[in-house]
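Listing of protein-v5.pdb; format and content: PDB, C-alpha atoms.
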ATOM      1  CA  MET A   1     -25.092  -0.358  23.045
ATOM      2  CA  SER A   2     -27.324  -2.505  20.837
ATOM      3  CA  VAL A   3     -26.242  -4.012  17.513
ATOM      4  CA  ALA A   4     -28.524  -1.651  15.574
ATOM      5  CA  GLU A   5     -27.105   1.322  17.443
ATOM      6  CA  PHE A   6     -23.598   0.145  16.685
ATOM      7  CA  PHE A   7     -24.264  -0.114  12.967
ATOM      8  CA  SER A   8     -26.066   3.201  12.747
ATOM      9  CA  MET A   9     -22.970   5.003  14.106
ATOM     10  CA  GLY A  10     -25.114   7.848  15.366
ATOM     11  CA  GLY A  11     -26.574   8.382  11.894
ATOM     12  CA  PHE A  12     -23.185   8.305  10.194
ATOM     13  CA  GLY A  13     -23.346   4.576   9.468
ATOM     14  CA  TYR A  14     -23.375   5.042   5.703
ATOM     15  CA  TYR A  15     -20.156   7.087   5.733
ATOM     16  CA  VAL A  16     -18.322   4.980   8.289
ATOM     17  CA  TRP A  17     -19.206   1.617   6.704
ATOM     18  CA  MET A  18     -18.561   2.810   3.160
ATOM     19  CA  SER A  19     -15.030   3.712   4.329
ATOM     20  CA  MET A  20     -14.438   0.514   6.294
ATOM     21  CA  GLY A  21     -16.029  -1.579   3.553
ATOM     22  CA  MET A  22     -13.798  -0.157   0.834
ATOM     23  CA  ALA A  23     -10.719  -0.785   2.993
ATOM     24  CA  LEU A  24     -11.811  -4.404   3.472
ATOM     25  CA  VAL A  25     -12.660  -4.955  -0.205
ATOM     26  CA  LEU A  26      -9.380  -3.464  -1.459
ATOM     27  CA  MET A  27      -7.161  -5.293   1.012
ATOM     28  CA  LEU A  28      -8.805  -8.699   0.655
ATOM     29  CA  GLY A  29      -9.079  -8.135  -3.096
ATOM     30  CA  GLU A  30      -5.364  -7.399  -3.397
ATOM     31  CA  VAL A  31      -4.444 -10.624  -1.592
ATOM     32  CA  PHE A  32      -6.900 -12.615  -3.709
ATOM     33  CA  VAL A  33      -5.615 -11.146  -6.985
ATOM     34  CA  LEU A  34      -1.992 -11.855  -6.004
ATOM     35  CA  LYS A  35      -2.826 -15.457  -5.159
ATOM     36  CA  SER A  36      -4.492 -16.075  -8.491
ATOM     37  CA  GLN A  37      -1.609 -14.261 -10.239
ATOM     38  CA  ARG A  38       0.786 -16.689  -8.575
ATOM     39  CA  LYS A  39      -1.158 -19.628  -9.985
ATOM     40  CA  THR A  40      -0.990 -18.063 -13.442
ATOM     41  CA  VAL A  41       2.778 -17.451 -13.415
ATOM     42  CA  LEU A  42       3.468 -20.943 -12.071
ATOM     43  CA  LYS A  43       1.388 -22.431 -14.897
ATOM     44  CA  GLN A  44       3.310 -20.238 -17.328
ATOM     45  CA  VAL A  45       6.622 -21.686 -16.082
ATOM     46  CA  ALA A  46       5.273 -25.224 -16.526
ATOM     47  CA  ARG A  47       4.352 -24.321 -20.105
ATOM     48  CA  VAL A  48       7.843 -22.918 -20.759
ATOM     49  CA  ILE A  49       9.391 -26.155 -19.460
ATOM     50  CA  ARG A  50       7.189 -28.235 -21.774
ATOM     51  CA  MET A  51       8.014 -26.053 -24.771
ATOM     52  CA  GLU A  52      11.761 -26.252 -24.121
ATOM     53  CA  LYS A  53      11.523 -30.032 -23.775
ATOM     54  CA  ASN A  54       9.729 -30.335 -27.097
ATOM     55  CA  LYS A  55      12.391 -28.300 -28.827
ATOM     56  CA  GLN A  56      15.149 -30.706 -27.837
TER      57      GLN A  56
ATOM     58  CA  MET B   1      29.797  -8.711  11.404
ATOM     59  CA  LYS B   2      30.127  -8.258   7.705
ATOM     60  CA  ILE B   3      27.122  -9.146   5.636
ATOM     61  CA  ASN B   4      27.320  -9.355   1.903
ATOM     62  CA  TRP B   5      24.086  -7.591   1.029
ATOM     63  CA  PHE B   6      24.505  -8.235  -2.656
ATOM     64  CA  LYS B   7      24.106 -11.919  -1.959
ATOM     65  CA  TYR B   8      20.498 -11.228  -0.961
ATOM     66  CA  ALA B   9      20.044  -9.144  -4.094
ATOM     67  CA  ALA B  10      20.021 -12.336  -6.144
ATOM     68  CA  PRO B  11      16.381 -13.166  -6.932
ATOM     69  CA  SER B  12      17.086 -16.882  -6.374
ATOM     70  CA  THR B  13      18.242 -16.174  -2.805
ATOM     71  CA  PHE B  14      15.556 -13.634  -2.028
ATOM     72  CA  TYR B  15      12.622 -15.674  -3.340
ATOM     73  CA  PRO B  16      12.584 -18.314  -0.541
ATOM     74  CA  ILE B  17      13.333 -15.723   2.164
ATOM     75  CA  ALA B  18      10.376 -13.624   1.006
ATOM     76  CA  GLY B  19       8.220 -16.725   1.053
ATOM     77  CA  LYS B  20       9.085 -17.358   4.701
ATOM     78  CA  LEU B  21       8.393 -13.741   5.696
ATOM     79  CA  ILE B  22       4.940 -13.515   4.094
ATOM     80  CA  PRO B  23       2.972 -15.459   6.770
ATOM     81  CA  PHE B  24       4.707 -13.502   9.533
ATOM     82  CA  PHE B  25       3.682 -10.147   8.048
ATOM     83  CA  GLY B  26       0.234 -11.494   7.228
ATOM     84  CA  TRP B  27      -0.537 -12.502  10.795
ATOM     85  CA  ALA B  28       0.981  -9.312  12.190
ATOM     86  CA  ALA B  29      -1.212  -7.281   9.816
ATOM     87  CA  LEU B  30      -4.367  -9.173  10.758
ATOM     88  CA  LEU B  31      -3.751  -8.912  14.507
ATOM     89  CA  LEU B  32      -2.809  -5.221  14.439
ATOM     90  CA  ILE B  33      -5.596  -4.079  12.122
ATOM     91  CA  VAL B  34      -8.305  -6.067  13.921
ATOM     92  CA  GLY B  35      -6.871  -5.012  17.288
ATOM     93  CA  GLY B  36      -6.583  -1.355  16.317
ATOM     94  CA  LEU B  37     -10.102  -1.196  14.922
ATOM     95  CA  TYR B  38     -11.490  -3.107  17.908
ATOM     96  CA  TRP B  39      -9.944  -0.507  20.171
ATOM     97  CA  GLY B  40     -11.230   2.306  18.002
ATOM     98  CA  PHE B  41     -14.776   0.990  17.801
ATOM     99  CA  PHE B  42     -15.301  -0.454  21.277
ATOM    100  CA  GLN B  43     -12.993   1.438  23.621
ATOM    101  CA  THR B  44     -14.089   4.934  22.630
ATOM    102  CA  PRO B  45     -17.899   5.122  22.974
ATOM    103  CA  GLU B  46     -17.930   7.823  25.614
ATOM    104  CA  LEU B  47     -15.381   9.885  23.669
ATOM    105  CA  LEU B  48     -17.255   9.724  20.415
ATOM    106  CA  SER B  49     -20.821  10.702  21.152
ATOM    107  CA  ASP B  50     -23.471  10.353  18.426
ATOM    108  CA  GLN B  51     -22.495  13.604  16.759
ATOM    109  CA  LYS B  52     -18.901  12.488  16.414
ATOM    110  CA  GLN B  53     -19.121   8.866  15.362
ATOM    111  CA  TYR B  54     -17.847   9.727  11.892
ATOM    112  CA  TYR B  55     -14.433  10.245  13.492
ATOM    113  CA  ARG B  56     -14.023   6.492  13.087
ATOM    114  CA  ILE B  57     -13.413   6.999   9.366
ATOM    115  CA  LEU B  58     -10.060   8.440  10.390
ATOM    116  CA  TYR B  59      -8.827   5.081  11.698
ATOM    117  CA  VAL B  60      -8.398   3.900   8.111
ATOM    118  CA  HIS B  61      -7.962   7.322   6.508
ATOM    119  CA  VAL B  62      -4.879   8.397   8.445
ATOM    120  CA  GLY B  63      -3.096   5.052   8.128
ATOM    121  CA  SER B  64      -3.683   4.802   4.397
ATOM    122  CA  ALA B  65      -2.667   8.440   3.860
ATOM    123  CA  TRP B  66       0.648   7.771   5.599
ATOM    124  CA  MET B  67       1.125   4.596   3.592
ATOM    125  CA  SER B  68       0.370   6.342   0.300
ATOM    126  CA  MET B  69       3.254   8.758   0.886
ATOM    127  CA  TRP B  70       5.638   6.302   2.550
ATOM    128  CA  LEU B  71       5.277   3.707  -0.162
ATOM    129  CA  TYR B  72       6.113   6.305  -2.781
ATOM    130  CA  ALA B  73       9.331   7.071  -0.908
ATOM    131  CA  VAL B  74      10.014   3.312  -0.717
ATOM    132  CA  LEU B  75       9.350   2.957  -4.448
ATOM    133  CA  VAL B  76      11.790   5.780  -5.212
ATOM    134  CA  MET B  77      14.388   4.254  -2.881
ATOM    135  CA  TRP B  78      14.268   0.937  -4.774
ATOM    136  CA  ALA B  79      14.287   2.746  -8.117
ATOM    137  CA  LEU B  80      17.334   4.741  -7.032
ATOM    138  CA  ILE B  81      19.205   1.638  -5.830
ATOM    139  CA  GLY B  82      18.343   0.058  -9.166
ATOM    140  CA  LEU B  83      19.691   3.024 -11.109
ATOM    141  CA  VAL B  84      22.916   3.171  -9.069
ATOM    142  CA  PHE B  85      23.793  -0.520  -8.651
ATOM    143  CA  ASN B  86      21.806  -1.891 -11.591
ATOM    144  CA  THR B  87      20.443  -4.728  -9.469
ATOM    145  CA  ARG B  88      17.494  -6.596 -10.942
ATOM    146  CA  LEU B  89      15.825  -7.257  -7.619
ATOM    147  CA  SER B  90      15.615  -3.586  -6.612
ATOM    148  CA  TYR B  91      13.757  -2.760  -9.834
ATOM    149  CA  MET B  92      11.412  -5.659  -9.169
ATOM    150  CA  MET B  93      10.792  -4.309  -5.660
ATOM    151  CA  ALA B  94       9.996  -0.886  -7.116
ATOM    152  CA  VAL B  95       7.541  -2.420  -9.579
ATOM    153  CA  ALA B  96       5.988  -4.508  -6.802
ATOM    154  CA  THR B  97       5.527  -1.480  -4.526
ATOM    155  CA  ALA B  98       3.604   0.710  -6.974
ATOM    156  CA  PRO B  99       0.184  -1.061  -7.088
ATOM    157  CA  THR B 100      -0.023  -1.249  -3.291
ATOM    158  CA  GLY B 101       0.866   2.428  -3.061
ATOM    159  CA  ALA B 102      -1.790   3.259  -5.628
ATOM    160  CA  ILE B 103      -4.393   1.229  -3.728
ATOM    161  CA  PHE B 104      -3.624   3.052  -0.470
ATOM    162  CA  THR B 105      -3.755   6.384  -2.292
ATOM    163  CA  PHE B 106      -7.162   5.517  -3.710
ATOM    164  CA  LEU B 107      -8.339   4.387  -0.267
ATOM    165  CA  THR B 108      -7.110   7.696   1.172
ATOM    166  CA  LEU B 109      -9.133   9.668  -1.373
ATOM    167  CA  TRP B 110     -12.198   7.430  -0.920
ATOM    168  CA  THR B 111     -12.265   7.561   2.888
ATOM    169  CA  GLY B 112     -11.348  11.246   2.680
ATOM    170  CA  ALA B 113     -14.418  11.887   0.548
ATOM    171  CA  PHE B 114     -16.719  10.293   3.129
ATOM    172  CA  TRP B 115     -14.951  12.137   5.922
ATOM    173  CA  GLY B 116     -15.287  15.364   3.958
ATOM    174  CA  LYS B 117     -19.017  14.859   3.425
ATOM    175  CA  THR B 118     -19.628  14.426   7.141
ATOM    176  CA  SER B 119     -17.347  17.086   8.533
ATOM    177  CA  TRP B 120     -17.060  19.685   5.758
ATOM    178  CA  GLY B 121     -20.301  19.021   3.877
ATOM    179  CA  THR B 122     -18.721  18.040   0.586
ATOM    180  CA  TYR B 123     -17.273  14.884  -0.947
ATOM    181  CA  TRP B 124     -14.646  16.771  -2.842
ATOM    182  CA  ASP B 125     -13.018  20.159  -2.853
ATOM    183  CA  TRP B 126      -9.784  21.359  -4.405
ATOM    184  CA  ASP B 127      -8.176  21.690  -1.024
ATOM    185  CA  PRO B 128      -4.347  21.604  -1.398
ATOM    186  CA  ARG B 129      -3.948  18.280   0.337
ATOM    187  CA  MET B 130      -6.715  16.568  -1.632
ATOM    188  CA  THR B 131      -5.370  17.934  -4.889
ATOM    189  CA  THR B 132      -1.810  16.843  -4.232
ATOM    190  CA  GLU B 133      -3.004  13.411  -3.079
ATOM    191  CA  LEU B 134      -4.928  13.057  -6.359
ATOM    192  CA  ILE B 135      -1.759  13.952  -8.282
ATOM    193  CA  LEU B 136       0.044  11.266  -6.265
ATOM    194  CA  LEU B 137      -2.499   8.726  -7.527
ATOM    195  CA  PHE B 138      -1.792   9.864 -11.098
ATOM    196  CA  LEU B 139       1.950   9.508 -10.435
ATOM    197  CA  TYR B 140       1.536   5.901  -9.304
ATOM    198  CA  VAL B 141      -0.672   5.156 -12.310
ATOM    199  CA  GLY B 142       1.765   6.936 -14.632
ATOM    200  CA  TYR B 143       4.673   4.931 -13.236
ATOM    201  CA  MET B 144       2.807   1.649 -13.744
ATOM    202  CA  ALA B 145       1.649   2.634 -17.227
ATOM    203  CA  LEU B 146       5.142   3.628 -18.368
ATOM    204  CA  GLN B 147       6.620   0.511 -16.805
ATOM    205  CA  SER B 148       4.251  -1.763 -18.691
ATOM    206  CA  ALA B 149       4.295   0.220 -21.955
ATOM    207  CA  ILE B 150       7.928  -0.589 -22.827
ATOM    208  CA  ASP B 151       8.544  -4.211 -23.807
ATOM    209  CA  ASP B 152      12.234  -4.369 -22.946
ATOM    210  CA  THR B 153      12.244  -4.922 -19.170
ATOM    211  CA  ARG B 154      15.603  -3.262 -18.528
ATOM    212  CA  ARG B 155      14.615  -0.138 -20.406
ATOM    213  CA  SER B 156      11.142   0.035 -18.895
ATOM    214  CA  ASP B 157      12.621  -0.362 -15.397
ATOM    215  CA  ARG B 158      15.086   2.457 -15.944
ATOM    216  CA  ALA B 159      12.638   4.826 -17.640
ATOM    217  CA  SER B 160       9.946   4.352 -14.994
ATOM    218  CA  ALA B 161      12.545   4.652 -12.219
ATOM    219  CA  LEU B 162      13.485   8.086 -13.561
ATOM    220  CA  LEU B 163       9.837   9.122 -13.678
ATOM    221  CA  ALA B 164       9.371   7.970 -10.082
ATOM    222  CA  LEU B 165      12.454   9.921  -9.048
ATOM    223  CA  VAL B 166      11.171  13.153 -10.581
ATOM    224  CA  GLY B 167       7.791  12.628  -8.904
ATOM    225  CA  LEU B 168       9.421  12.547  -5.482
ATOM    226  CA  VAL B 169       9.177  16.352  -5.291
ATOM    227  CA  LEU B 170       5.457  15.896  -4.685
ATOM    228  CA  ILE B 171       5.863  14.113  -1.340
ATOM    229  CA  PRO B 172       7.078  17.136   0.685
ATOM    230  CA  VAL B 173       4.412  19.217  -1.061
ATOM    231  CA  ILE B 174       1.691  16.865   0.207
ATOM    232  CA  TYR B 175       3.266  16.736   3.625
ATOM    233  CA  TRP B 176       3.396  20.503   4.064
ATOM    234  CA  SER B 177       0.208  21.242   2.156
ATOM    235  CA  VAL B 178      -1.626  21.847   5.440
ATOM    236  CA  ASN B 179       0.742  24.576   6.525
ATOM    237  CA  CYS B 180      -0.941  26.974   4.187
ATOM    238  CA  PRO B 181       0.831  30.320   4.572
ATOM    239  CA  ASP B 182      -2.260  32.378   3.812
ATOM    240  CA  PRO B 183      -5.615  30.706   4.496
ATOM    241  CA  ASN B 184      -7.410  33.193   2.253
ATOM    242  CA  GLN B 185      -5.352  32.151  -0.701
ATOM    243  CA  CYS B 186      -5.341  28.398  -0.485
ATOM    244  CA  ALA B 187      -8.448  27.718   1.591
ATOM    245  CA  ALA B 188      -7.139  24.529   3.148
ATOM    246  CA  LEU B 189      -9.794  22.317   4.683
ATOM    247  CA  HIS B 190      -7.203  20.079   6.262
ATOM    248  CA  GLN B 191      -5.882  21.594   9.414
ATOM    249  CA  GLN B 192      -2.512  21.201  10.913
ATOM    250  CA  SER B 193      -2.624  18.171  13.116
ATOM    251  CA  SER B 194      -0.523  17.317  16.069
ATOM    252  CA  MET B 195      -0.433  13.816  17.482
ATOM    253  CA  SER B 196      -0.224  15.127  21.038
ATOM    254  CA  ASN B 197      -3.602  16.891  20.784
ATOM    255  CA  ILE B 198      -5.469  13.691  20.067
ATOM    256  CA  GLU B 199      -7.218  11.715  22.751
ATOM    257  CA  PRO B 200      -4.928   8.769  23.718
ATOM    258  CA  ASN B 201      -7.520   6.053  23.017
ATOM    259  CA  ILE B 202      -8.146   7.370  19.516
ATOM    260  CA  ARG B 203      -4.423   7.797  18.950
ATOM    261  CA  ILE B 204      -3.810   4.160  19.915
ATOM    262  CA  ALA B 205      -6.446   2.995  17.412
ATOM    263  CA  TRP B 206      -4.868   5.151  14.666
ATOM    264  CA  LEU B 207      -1.317   4.090  15.312
ATOM    265  CA  VAL B 208      -1.998   0.381  15.752
ATOM    266  CA  THR B 209      -4.095   0.287  12.567
ATOM    267  CA  ALA B 210      -1.396   2.240  10.702
ATOM    268  CA  VAL B 211       1.324  -0.202  11.812
ATOM    269  CA  GLY B 212      -1.003  -3.008  10.710
ATOM    270  CA  PHE B 213      -1.215  -1.351   7.281
ATOM    271  CA  TRP B 214       2.590  -1.366   7.145
ATOM    272  CA  MET B 215       2.629  -5.088   7.842
ATOM    273  CA  PHE B 216      -0.055  -5.620   5.200
ATOM    274  CA  ALA B 217       2.023  -3.636   2.702
ATOM    275  CA  PHE B 218       5.107  -5.757   3.443
ATOM    276  CA  MET B 219       3.055  -8.897   2.912
ATOM    277  CA  VAL B 220       1.468  -7.966  -0.422
ATOM    278  CA  ILE B 221       4.660  -6.399  -1.802
ATOM    279  CA  LEU B 222       6.575  -9.605  -1.038
ATOM    280  CA  MET B 223       3.782 -11.662  -2.605
ATOM    281  CA  ARG B 224       3.871  -9.493  -5.716
ATOM    282  CA  VAL B 225       7.663  -9.450  -5.996
ATOM    283  CA  ARG B 226       7.667 -13.260  -5.850
ATOM    284  CA  ASN B 227       5.233 -13.333  -8.770
ATOM    285  CA  ILE B 228       7.418 -10.873 -10.674
ATOM    286  CA  ILE B 229      10.555 -12.922  -9.959
ATOM    287  CA  ILE B 230       8.934 -16.099 -11.312
ATOM    288  CA  GLN B 231       7.638 -14.267 -14.345
ATOM    289  CA  ARG B 232      10.918 -12.569 -15.221
ATOM    290  CA  GLU B 233      13.140 -15.555 -14.476
ATOM    291  CA  GLN B 234      10.903 -18.224 -15.987
ATOM    292  CA  HIS B 235      13.667 -19.383 -18.328
ATOM    293  CA  THR B 236      16.229 -19.922 -15.562
ATOM    294  CA  SER B 237      16.818 -23.395 -14.186
ATOM    295  CA  TRP B 238      16.315 -22.434 -10.546
ATOM    296  CA  VAL B 239      12.745 -21.263 -11.243
ATOM    297  CA  GLN B 240      12.005 -24.326 -13.345
ATOM    298  CA  GLN B 241      13.250 -26.549 -10.509
ATOM    299  CA  LEU B 242      10.998 -24.956  -7.883
ATOM    300  CA  ASN B 243       8.793 -27.471  -6.091
ATOM    301  CA  GLU B 244       5.681 -25.367  -6.632
ATOM    302  CA  VAL B 245       5.977 -25.633 -10.416
ATOM    303  CA  LYS B 246       3.871 -28.571 -11.556
ATOM    304  CA  LYS B 247       5.878 -30.309 -14.221
TER     305      LYS B 247
END
How does this structure look as structure tokens?
Amino acid sequence: MSVAEFFSMGGFGYYVWMSMGMALVLMLGEVFVLKSQRKTVLKQVARVIRMEKNKQ
Amino acid sequence: MKINWFKYAAPSTFYPIAGKLIPFFGWAALLLIVGGLYWGFFQTPELLSDQKQYYRILYVHVGSAWMSMWLYAVLVMWALIGLVFNTRLSYMMAVATAPTGAIFTFLTLWTGAFWGKTSWGTYWDWDPRMTTELILLFLYVGYMALQSAIDDTRRSDRASALLALVGLVLIPVIYWSVNCPDPNQCAALHQQSSMSNIEPNIRIAWLVTAVGFWMFAFMVILMRVRNIIIQREQHTSWVQQLNEVKK
């Protein structure tokens, strides 16, 4: 089986790779979003600490 | 051995445990999904001749369809525990489960559309299973919308938990939507499937990928619940003393 044959999926390449591609995009995207969300909430905590210090 | 489960229900205890579990589930997910798809793509060429290559869509379709229903049951379980015991962590778990469930539901509909186009000649039809799966997506979105619409966290948790609980009736409907009593009346495109009828090599690819999806779900739900814990407990001293907070 050649590479081109593999990707053509017997003429169904578009359908197969659109499905696989969306799975990949959503799953990697979810992990990426959660990682950047983590950075945001950690920064938020740092801000809260600073604000509470200033109040004292 | 007697374990005090409520000890683990404290966000401060659960947070580090979840952090340790995340890499384990992450690697398990990667290995199983890559392994399952490798098997499905490279160990089945003689089974799936050119006319049948679109069967490979099912490797992700079936797993995500199972996950979309399972995660809803998991969400309802956490919501129910929250309503009964009033534990903060169980509500946070429910909130953390919803987006992943919604993503798998969307992926089910998306891959289903491409499967439908190849095997039934249409991207969409109001087949009972497709319709109920679409309603499931709306339920997830409705849960998330209600949860975020109410400012008071305790009230929003309880209100959305009740909504999730009511929506549970949909899960058996989706599950049995293929057993259409009269084909002339409901015109189901999905047919009743039985695991034992499927070629073993294809079944392995399905099951391994589906277990990999489970591991992925555990990983992202734990990641999300950790974010929620930090966000909701940002005024507590244990969060402020975490090493990862840059002071």
Could you tell me how far atom CA of B:Ala164 sits from atom CA of B:Asp152, in Å to one decimal place? 18.1 Å
Give me, please, the distance in Å between atom CA of A:Met20 and atom CA of B:Arg56, quoted to one decimal. 9.1 Å
Exactly which residues make up the result of the PyMOL selection byres ((chain B) within 9 of (chain A)) on this file, given as an MDAnalysis selection string? chainID B and resid 41 49:57 60:61 100 103:104 107 110:112 114:115 117:118 216 219:220 223:224 226:228 230:231 234:235 239:240 244:247
Length of the atom CA of A:Phe7 to atom CA of A:Leu28 vector [Å]: 21.5 Å
Do you know which residues the PyMOL selection byres ((chain B and resi 70-78) around 6) returns on this file, as a list in words?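 This file gives the following for the PyMOL selection byres ((chain B and resi 70-78) around 6): Met67, Ser68, Met69, Ala79, Leu80, Ile81, Ser90, Ala94, Thr97, Gly101, Ala164 and Leu165 of chain B.
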For A:Leu24, which residue among B:Ala217, B:Leu83, B:Ile33, B:Met144 is the nearest when counting all atoms listed in the file? B:Ile33
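Nearest residue to B:Gly35, choosing from B:Leu207, B:Ile22, B:Met92, B:Val225 and counting all atoms listed in the file: B:Leu207.
Residue membership of the PyMOL selection byres ((chain B and resi 125) around 12) in the shown file amounts to B:Leu109, B:Gly112, B:Ala113, B:Gly116, B:Lys117, B:Trp120, B:Gly121, B:Thr122, B:Tyr123, B:Trp124, B:Trp126, B:Asp127, B:Pro128, B:Arg129, B:Met130, B:Thr131, B:Thr132, B:Leu134, B:Cys186, B:Ala187, B:Ala188, B:Leu189, B:His190.
Minimum atom-to-atom distance to B:Trp39, evaluated using all atoms listed in the file, belongs to B:Arg203 out of B:Gln241, B:Val95, B:Arg203, B:Ser119.
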Have stretch 20-33 of chain A completed to N, CA, C and O atoms, please, and pass it along as a short mmCIF file (atom, residue, chain, number, x, y, z; two decimals), keeping the file's coordinate frame.
data_model
loop_
_atom_site.label_atom_id
_atom_site.label_comp_id
_atom_site.auth_asym_id
_atom_site.auth_seq_id
_atom_site.Cartn_x
_atom_site.Cartn_y
_atom_site.Cartn_z
N MET A 20 -14.98 1.78 5.80
CA MET A 20 -14.44 0.51 6.29
C MET A 20 -14.60 -0.58 5.23
O MET A 20 -13.71 -1.39 5.04
N GLY A 21 -15.75 -0.56 4.57
CA GLY A 21 -16.03 -1.58 3.55
C GLY A 21 -15.04 -1.52 2.40
O GLY A 21 -14.52 -2.54 1.96
N MET A 22 -14.75 -0.30 1.93
CA MET A 22 -13.80 -0.16 0.83
C MET A 22 -12.41 -0.63 1.26
O MET A 22 -11.71 -1.30 0.48
N ALA A 23 -12.02 -0.31 2.50
CA ALA A 23 -10.72 -0.78 2.99
C ALA A 23 -10.68 -2.31 2.96
O ALA A 23 -9.71 -2.91 2.48
N LEU A 24 -11.74 -2.94 3.43
CA LEU A 24 -11.81 -4.40 3.47
C LEU A 24 -11.77 -4.99 2.07
O LEU A 24 -10.99 -5.92 1.79
N VAL A 25 -12.59 -4.43 1.17
CA VAL A 25 -12.66 -4.96 -0.20
C VAL A 25 -11.30 -4.84 -0.90
O VAL A 25 -10.81 -5.79 -1.51
N LEU A 26 -10.66 -3.67 -0.77
CA LEU A 26 -9.38 -3.46 -1.46
C LEU A 26 -8.29 -4.38 -0.90
O LEU A 26 -7.52 -4.97 -1.65
N MET A 27 -8.25 -4.51 0.43
CA MET A 27 -7.16 -5.29 1.01
C MET A 27 -7.35 -6.78 0.75
O MET A 27 -6.41 -7.47 0.34
N LEU A 28 -8.56 -7.28 0.95
CA LEU A 28 -8.80 -8.70 0.66
C LEU A 28 -8.66 -8.95 -0.84
O LEU A 28 -8.09 -9.95 -1.26
N GLY A 29 -9.16 -8.00 -1.64
CA GLY A 29 -9.08 -8.14 -3.10
C GLY A 29 -7.64 -8.22 -3.57
O GLY A 29 -7.30 -9.03 -4.44
N GLU A 30 -6.76 -7.39 -2.98
CA GLU A 30 -5.36 -7.40 -3.40
C GLU A 30 -4.73 -8.77 -3.13
O GLU A 30 -4.04 -9.32 -3.98
N VAL A 31 -5.00 -9.31 -1.94
CA VAL A 31 -4.44 -10.62 -1.59
C VAL A 31 -4.99 -11.69 -2.54
O VAL A 31 -4.23 -12.53 -3.06
N PHE A 32 -6.27 -11.63 -2.83
CA PHE A 32 -6.90 -12.62 -3.71
C PHE A 32 -6.30 -12.55 -5.12
O PHE A 32 -5.94 -13.58 -5.70
N VAL A 33 -6.17 -11.32 -5.64
CA VAL A 33 -5.62 -11.15 -6.98
C VAL A 33 -4.18 -11.69 -7.05
O VAL A 33 -3.80 -12.38 -8.00
#
